[in-house]
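Please read the structure below before turning to the comments.
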Amino acid sequence: MKSPQPKSKNPAPELPSKVQFVDIDADQAGQRVDNFLITRLKGVPKSRIYRLLRKGEVRVNKGRVKPETKLNAGDIIRIPPIRMAEAKPSIKPSQGLVSVLESSVLYETNALMVVNKPSGLAVHGGSGINLGLIEALREMRPDARFLELVHRLDRGTSGCILIAKKRSMLRHLQQAFREKSLGTAGEKGITKIYQALVVGAWPKGRHRIDKALQRHEVAGGERIVKVSAQGKPSQTEFKVLQSYQEATLIEARPITGRTHQIRVHAQCVGHPLLGDDKYGVDELNEQAKAQGLKRLFLHASELSFYLPESEELIVVKAPLSADLEKVLSNLKR
């Protein structure tokens, strides 16, 4: 009879070729066992993970468990060998993308990082996208035990995005975002500020848009968001930063956090974002292309938040990229 493998606080991230026994620490506690395995066994199909649980090959404290079983600090989880053929091969980021992302880290501690996400890079893979921001970061930092997105940015949007490096920080920040999305965040909530270039002259008295938004799925699974009385309450504050002859650079501060909120709120008052191929005006987008705008002009320029049990407000800023600055320099004030 083979003796069990020694337990490890920091086991290797690669798939186990033999039985592993993993100690659950306080930072990993509170999550479901299936979610723990999905995160740990990256690339292994979820169907295979649930089969392991169903057959009792995964054990916690020597006992069989259900997928929804919550892990506690001090638990010992047995993970069986996983054949490499069962995992999808990981996609490696190009050296160019690695260089861009390495220079895009704006703020970092042992528990989180803020990255200036480039426009055109999805935050995660899926739906025909092989490699997203989070997958690239995991490939770049193979020794990181935990890297997870705290929130999302649209693929075309650039700017500040939060990545948790500890589960406890993920829980803390996601709770702050949940309160933000409901409009119930107190003084210690998370604040996001965006810069956007919109069509036409933004009305001087339009400082806030308060219109409910509802998400729809259209042909092909594409998501579209519309103003609807049946939607979720949504509020965005706006401020003019610079007026141009045919456009306005605005600051947008979402009070709630709905999908495509800034883009739809700007569109519903007749001032869609330039470069927006979903909610914008095609003819005007083509004219903007002639002036150098090759992407959605929406940038998450500032992110502020509090760390757990801290009175210090962390403020992280991401300047406009050179291509967006060039677009502005081509416009007449």
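Chain labels follow the order of the structure tokens: the first chain is A, the next B, and so on; residue numbering restarts at 1 in every chain, and ligands are counted from 1 in their shown order.
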Quiz item: What residues in range 48-245 of chain A get the DSSP label strand (DSSP E or B)? Please answer as a PyMOL selection string.
Solution: chain A and resi 59-60+63-64+70+76-79+105-108+112-117+126+129+148-149+158-164+191-199+208-210+213-217+223-227+232+235-243
Exercise. List every residue of range 118-230 of chain A that DSSP, applied to the backbone of this structure, places in helix (DSSP H, G or I), and write the result as a list in words.
Key: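 Filtering range 118-230 of chain A down to helix (DSSP H, G or I) leaves Leu133, Ile134, Glu135, Ala136, Leu137, Arg138, Glu139, Met140, Arg167, Ser168, Met169, Leu170, Arg171, His172, Leu173, Gln174, Gln175, Ala176, Phe177, Arg178, Glu179, Lys180, Ser181, Ala219, Gly220 and Gly221 of chain A.
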Practice problem: Within 12 Å of range 144-146 of chain A, counting only C-alpha atoms, which residues show up once you throw out same-chain ones fewer than 4 positions away? Write them as a ChimeraX atom specification, please. | Solution: /A:9-14,27-28,36,39-42,110-113,134-135,137-140,163-170
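Among the candidates A:Arg263, A:Lys294, A:Arg64, A:His216, the one nearest to Leu52 in chain A when counting only C-alpha atoms is A:Arg64.
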Quiz item: Which residue, A:Gln214, A:Lys46, A:Gly189, A:Leu71, has the smallest gap to Asp25 in chain A when you use only C-alpha atoms?
Solution: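 Smallest distance to Asp25 in chain A is found for A:Leu71.
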